[in-house]
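Trainee: Input: one structure, supplied below.
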Amino acid sequence: MTLSLFNQFLSPSLMWIPLAAIALALPWALFPHQTTRWVNNRLLSLQSWFLGQFTQQIFLPINSPGHKWALLLASLMLFLITLNTAGLLPYTFTPTTQLSMNMGFAIPLWLATVVLGLCTQPTQALGHLLPEGTPTPLIPVLIIIETISLFIRPIALGVRLTANLTAGHLLIQLISSATSVLLSVLPAVATFTITLLFLLTLLEVAVAMIQAYVFVLLLSLYLQENV
Amino acid sequence: MLSRLVFLAGSLKSSGPIGAGLVQASRSLQTSSQSLAPVPPLPEYGGKVRHGLIPEEFFQLLYPKTGVTGPYMLGTGLLVYLLSKEIYIINHETIAAITIGTIIVYGVKKFGPSVAAFADKLNEDKMAKAQEAKDVAMSSLTQAIENEKKEQWRVEGRAMLFDAKRNNVAMLLETNYRERLHMVTNEVKRRLDYQIALQHLNRRMQQEHMINWVEKNVIGSITPQQEKESIAKCIADLKVLAKTTQAKAAA
């Protein structure tokens, strides 16, 4: 039972062909390209509107050298949100449950913001290590603490996304297993469990979208500090 | 369309699939004149679907052979076959599928129309803005045309304006002339009146002088002897008169 619980997180392969590539290509296939038309169909209008709103929202506090990151962060957001929500369907594989992939997103992007900050404005970037108005005796300790917090950021970023999604998927699987077992034994308890499952699934839908947003928001915050 | 090109290339270079691949490799995208042709317009709305998933064309396909219930029988039979032969096993994922399926269907049914209306409104607003710009341009141009016509009508009335002005000026001149004439007449009359008054004065002075001279001479010519005689005569006359009056009063 313990093994089969985590089977859903194994990277799927069909005769040693990794199917994770198809799973990762899914968001690209779901969203239509920009057309040369002036008035588009509903899906494209909604998509353009959403991307415009989102990019404006995220990049409002960032000054103009950081606007070069708009394409990257907007497409990252769309990618993550699609992967997360599509993973809620049955029998799907969610690539964002793999720590490897999330760290693959978090570490390079975080490192890019830090290196950008150190290259363009080193004094200010290093100045972030000491918050304003700290009493003098605390300064050495605080610098160490801030450095640790700086280096924890990519790990936190990656692990947050992984943990949230993995936990959610595990819970869904556990509770639905419980329901399927209880259905034949105690149907009344099974109805309670299925209600629980409904609420949990609603939560998971919310979590899926929020986690993607939080990932991109935090990256934009790190960018804002350093650009 | 590209597959058609492959077949064409395959017939041109009759060396099988490798020849077609060679042609494909040497042809770059979007450079031939075929990409300049007008693309057929995209459909405005998607194809009709029944139950949100199955295109209407499927039902139309099966209708001639199996009627209205055909596709449903097919679906049910397929489902039952999969379940009974345990090709599809009911496990925990089924329950999770039921849950997420319910949530999705509920979400689409509840929020679908409003989201569609919102998307339509986005497009409508875009078109309305362009339409408004066009309408404003049209109305401003119509207004300009009307203004121009009015100006042309005004130009026609220009002759009347000049006549009126001319009349005005002529009247002013006439009034001015009459005033000056009047003034001249008054001045002349004043001078003539002065001459008349002067003549009258002359005449009167002459008369008075003459009267004074005559009186003076007459009074000078009366001698004292004559004065006594006249006084005595007057007294005699008065006595006679008094007698006659007494007589008349007594009678």
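Every chain in the structure tokens takes a letter, A first, then B, and so on in the order presented; its residues are numbered from 1, and the ligands are numbered from 1 following the presented order.
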Check every residue of chain A for an atom within 6 Å of chain B, counting only C-alpha atoms, and provide those that qualify as a PyMOL selection string.

Mentor: chain A and resi 42+46+90+176-177+180+198

Trainee: Could you write out that same residue set with N, CA, C and O atoms as a compact mmCIF listing (two decimals), in the first residue's frame?

Mentor:
# COMPACT_ATOMS: atom_id res chain seq x y z
N ARG A 42 -13.24 33.86 -28.16
CA ARG A 42 -13.33 34.12 -26.73
C ARG A 42 -12.09 33.65 -25.98
O ARG A 42 -11.59 34.34 -25.10
N LEU A 46 -9.79 36.09 -23.78
CA LEU A 46 -9.62 35.90 -22.33
C LEU A 46 -8.16 35.72 -21.98
O LEU A 46 -7.68 36.27 -20.98
N PRO A 90 -7.93 12.95 -13.10
CA PRO A 90 -7.50 11.60 -12.71
C PRO A 90 -6.49 11.03 -13.71
O PRO A 90 -6.49 11.38 -14.88
N SER A 176 -9.56 9.26 -1.35
CA SER A 176 -10.39 8.51 -2.30
C SER A 176 -10.21 7.00 -2.11
O SER A 176 -11.16 6.24 -2.28
N SER A 177 -8.99 6.56 -1.71
CA SER A 177 -8.83 5.13 -1.38
C SER A 177 -9.72 4.76 -0.22
O SER A 177 -10.38 3.72 -0.22
N SER A 180 -13.23 4.44 -1.34
CA SER A 180 -13.54 3.27 -2.15
C SER A 180 -13.56 2.01 -1.29
O SER A 180 -14.34 1.10 -1.55
N PHE A 198 -14.67 16.22 -1.64
CA PHE A 198 -15.12 17.39 -2.41
C PHE A 198 -14.42 18.66 -1.94
O PHE A 198 -13.87 19.43 -2.73

Trainee: Please list as a ChimeraX atom specification every residue within 12 Å of A:Trp28, counting only C-alpha atoms and excluding residues in the same chain fewer than 3 positions away.

Mentor: /A:21-25,31-33,75-76,78-80,82-83

Trainee: Write the selection just made, keeping C-alpha atoms, as a short mmCIF file (atom, residue, chain, number, x, y, z; two decimals), in the first residue's frame?

Mentor:
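out-v2.cif, freshly written:
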data_model
loop_
_atom_site.label_atom_id
_atom_site.label_comp_id
_atom_site.auth_asym_id
_atom_site.auth_seq_id
_atom_site.Cartn_x
_atom_site.Cartn_y
_atom_site.Cartn_z
CA ALA A 21 8.14 15.40 -22.12
CA ILE A 22 4.56 15.16 -23.39
CA ALA A 23 3.29 16.21 -19.98
CA LEU A 24 5.55 19.25 -20.09
CA ALA A 25 4.49 20.12 -23.63
CA PHE A 31 -3.06 27.97 -25.35
CA PRO A 32 -3.60 29.41 -28.84
CA HIS A 33 -1.07 31.69 -30.47
CA SER A 75 5.02 32.41 -19.41
CA LEU A 76 6.30 30.72 -16.23
CA LEU A 78 0.94 30.22 -17.31
CA PHE A 79 3.05 27.08 -17.43
CA LEU A 80 2.84 26.39 -13.72
CA THR A 82 -1.67 24.84 -16.30
CA LEU A 83 0.49 22.01 -15.01
#

Trainee: Tell me which protein, DNA and RNA residues are within 9 Å of stretch 216-222 of chain A, counting only C-alpha atoms, leaving out same-chain ones fewer than 3 positions away, and put them as a compact mmCIF listing (two decimals) with N, CA and C atoms, in the first residue's frame.

Mentor:
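Output saved as result-v4.txt:
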# COMPACT_ATOMS: atom_id res chain seq x y z
N ILE A 58 2.05 42.25 -11.73
CA ILE A 58 3.34 41.80 -11.19
C ILE A 58 4.40 42.87 -11.41
N PHE A 59 4.37 43.55 -12.54
CA PHE A 59 5.48 44.43 -12.87
C PHE A 59 5.25 45.87 -12.48
N PRO A 61 5.35 47.23 -9.39
CA PRO A 61 6.35 47.77 -8.46
C PRO A 61 7.79 47.65 -8.95
N ILE A 62 8.02 47.03 -10.09
CA ILE A 62 9.39 46.83 -10.55
C ILE A 62 9.73 47.95 -11.53
N GLY A 66 13.80 45.92 -14.97
CA GLY A 66 13.26 44.60 -14.67
C GLY A 66 12.17 44.17 -15.61
N TRP A 69 12.05 40.98 -17.81
CA TRP A 69 11.68 39.67 -17.31
C TRP A 69 10.20 39.36 -17.53
N LEU A 73 8.47 35.68 -16.78
CA LEU A 73 7.62 35.43 -15.62
C LEU A 73 6.17 35.14 -16.02
N ALA A 74 5.69 35.82 -17.05
CA ALA A 74 4.31 35.57 -17.47
C ALA A 74 4.16 34.16 -18.03
N LEU A 76 6.11 31.65 -17.35
CA LEU A 76 6.30 30.72 -16.23
C LEU A 76 5.00 30.53 -15.46
N MET A 77 4.32 31.65 -15.21
CA MET A 77 3.05 31.60 -14.48
C MET A 77 2.04 30.74 -15.22
N ALA A 106 13.64 27.05 -9.76
CA ALA A 106 13.90 28.02 -8.70
C ALA A 106 15.35 28.48 -8.68
N LEU A 109 16.64 30.83 -11.66
CA LEU A 109 16.00 32.15 -11.67
C LEU A 109 16.43 32.97 -10.46
N TRP A 110 16.48 32.33 -9.27
CA TRP A 110 16.92 33.06 -8.09
C TRP A 110 18.36 33.53 -8.25
N THR A 113 18.64 36.55 -10.39
CA THR A 113 18.33 37.83 -9.74
C THR A 113 19.49 38.28 -8.87
N VAL A 114 20.12 37.32 -8.13
CA VAL A 114 21.22 37.70 -7.24
C VAL A 114 22.41 38.22 -8.03
N LEU A 157 11.66 28.14 -2.33
CA LEU A 157 10.83 28.31 -3.52
C LEU A 157 10.48 26.96 -4.13
N GLN A 211 -0.34 28.51 -5.60
CA GLN A 211 1.08 28.17 -5.52
C GLN A 211 1.84 28.65 -6.74
N ALA A 212 1.23 28.51 -7.91
CA ALA A 212 1.89 29.01 -9.12
C ALA A 212 2.08 30.51 -9.02
N TYR A 213 1.03 31.21 -8.56
CA TYR A 213 1.10 32.66 -8.44
C TYR A 213 2.16 33.08 -7.43
N GLU A 225 14.06 43.60 -5.66
CA GLU A 225 15.13 44.00 -4.76
C GLU A 225 16.42 44.27 -5.51
N ASN A 226 16.64 43.47 -6.56
CA ASN A 226 17.97 43.45 -7.14
C ASN A 226 18.13 44.22 -8.43
N VAL A 227 17.03 44.62 -9.07
CA VAL A 227 17.21 45.24 -10.38
C VAL A 227 17.38 46.75 -10.27

Trainee: For A:Ile152, which residue among A:Leu19, A:Ser64, A:Ser100, A:Ile107 is the nearest when counting only C-alpha atoms?

Mentor: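 Smallest distance to A:Ile152 is found for A:Ile107.
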
Trainee: Write out as a ChimeraX atom specification which residues come within 9 Å of A:Leu161 when counting only C-alpha atoms, dropping same-chain ones fewer than 5 positions away.

Mentor: /A:96-97,99,102,156,166,208,211-212,214-215

Trainee: Got time to write the residues from that selection, N, CA and C atoms, as a PDB file, in the first residue's frame?

Mentor:
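again-v8.pdb was written with the following content:
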ATOM      1  N   THR A  96       5.080  19.190 -11.692  1.00  0.00           N
ATOM      2  CA  THR A  96       5.509  20.063 -10.603  1.00  0.00           C
ATOM      3  C   THR A  96       5.545  19.364  -9.260  1.00  0.00           C
ATOM      4  N   THR A  97       5.175  18.085  -9.216  1.00  0.00           N
ATOM      5  CA  THR A  97       5.380  17.355  -7.974  1.00  0.00           C
ATOM      6  C   THR A  97       6.808  16.853  -7.858  1.00  0.00           C
ATOM      7  N   LEU A  99      10.573  17.327  -7.347  1.00  0.00           N
ATOM      8  CA  LEU A  99      11.459  18.332  -6.770  1.00  0.00           C
ATOM      9  C   LEU A  99      12.508  18.764  -7.782  1.00  0.00           C
ATOM     10  N   ASN A 102      11.155  21.527 -10.008  1.00  0.00           N
ATOM     11  CA  ASN A 102      10.930  22.796  -9.323  1.00  0.00           C
ATOM     12  C   ASN A 102      12.233  23.459  -8.933  1.00  0.00           C
ATOM     13  N   ALA A 156      13.552  27.134  -0.559  1.00  0.00           N
ATOM     14  CA  ALA A 156      12.166  27.352  -0.121  1.00  0.00           C
ATOM     15  C   ALA A 156      11.232  27.409  -1.305  1.00  0.00           C
ATOM     16  N   THR A 166       2.545  17.888  -3.877  1.00  0.00           N
ATOM     17  CA  THR A 166       2.643  16.470  -3.518  1.00  0.00           C
ATOM     18  C   THR A 166       1.685  16.134  -2.391  1.00  0.00           C
ATOM     19  N   ALA A 208      -3.527  24.929  -6.195  1.00  0.00           N
ATOM     20  CA  ALA A 208      -2.791  24.804  -7.450  1.00  0.00           C
ATOM     21  C   ALA A 208      -2.559  26.164  -8.067  1.00  0.00           C
ATOM     22  N   GLN A 211      -0.336  28.507  -5.601  1.00  0.00           N
ATOM     23  CA  GLN A 211       1.083  28.172  -5.523  1.00  0.00           C
ATOM     24  C   GLN A 211       1.838  28.652  -6.742  1.00  0.00           C
ATOM     25  N   ALA A 212       1.229  28.515  -7.906  1.00  0.00           N
ATOM     26  CA  ALA A 212       1.887  29.007  -9.118  1.00  0.00           C
ATOM     27  C   ALA A 212       2.082  30.515  -9.019  1.00  0.00           C
ATOM     28  N   VAL A 214       2.224  32.331  -6.296  1.00  0.00           N
ATOM     29  CA  VAL A 214       3.180  32.690  -5.248  1.00  0.00           C
ATOM     30  C   VAL A 214       4.612  32.518  -5.736  1.00  0.00           C
ATOM     31  N   PHE A 215       4.840  31.438  -6.487  1.00  0.00           N
ATOM     32  CA  PHE A 215       6.176  31.194  -7.037  1.00  0.00           C
ATOM     33  C   PHE A 215       6.625  32.390  -7.862  1.00  0.00           C
TER      34      PHE A 215
END

Trainee: Which residue gives the smallest distance to A:Ser149 among A:Ala20, A:Gln224, A:Thr201, A:Leu130, with only C-alpha atoms counted?

Mentor: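 Among A:Ala20, A:Gln224, A:Thr201, A:Leu130, it is A:Leu130 that comes nearest to A:Ser149.
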
Trainee: Mind the document's chain letters and residue numbers, and return as an MDAnalysis selection string the residues of stretch 29-184 of chain B that DSSP labels strand (DSSP E or B).

Mentor: chainID B and resid 49:50 54:55

Trainee: Those residues you just picked out, can you put them in a file as a JSON list (two decimals), in the first residue's frame with N, CA and C atoms?

Mentor:
[["chain", "number", "residue", "atom", "x", "y", "z"],
["B", 49, "VAL", "N", -21.22, 21.33, -29.69],
["B", 49, "VAL", "CA", -20.93, 20.09, -28.97],
["B", 49, "VAL", "C", -22.16, 19.72, -28.15],
["B", 50, "ARG", "N", -22.31, 18.43, -27.97],
["B", 50, "ARG", "CA", -23.40, 17.97, -27.13],
["B", 50, "ARG", "C", -22.81, 17.43, -25.84],
["B", 54, "ILE", "N", -18.83, 15.99, -26.80],
["B", 54, "ILE", "CA", -18.89, 15.23, -28.07],
["B", 54, "ILE", "C", -19.43, 16.14, -29.16],
["B", 55, "PRO", "N", -18.68, 16.24, -30.27],
["B", 55, "PRO", "CA", -19.15, 17.15, -31.34],
["B", 55, "PRO", "C", -20.44, 16.64, -31.94]]

Trainee: When you draw a straight line from atom CA of B:Met160 to atom CA of B:Leu172, how long is it in Å?

Mentor: 18.4 Å

Trainee: Would you please give, as a ChimeraX atom specification, all residues of stretch 8-155 of chain B that DSSP assigns to alpha helix (DSSP H) based on the backbone?

Mentor: /B:8-12,16-26,56-66,70-84,92-155

Trainee: Between A:Ile155, A:Leu26, A:Gln124, A:Ser45, which residue has the minimum interatomic distance to A:Leu111, considering only C-alpha atoms?

Mentor: A:Ile155

Trainee: Enter the distance from atom CA of A:Arg160 to atom CA of A:Met103, in Å, rounded to one decimal.

Mentor: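 Those two atoms sit 10.2 Å apart.
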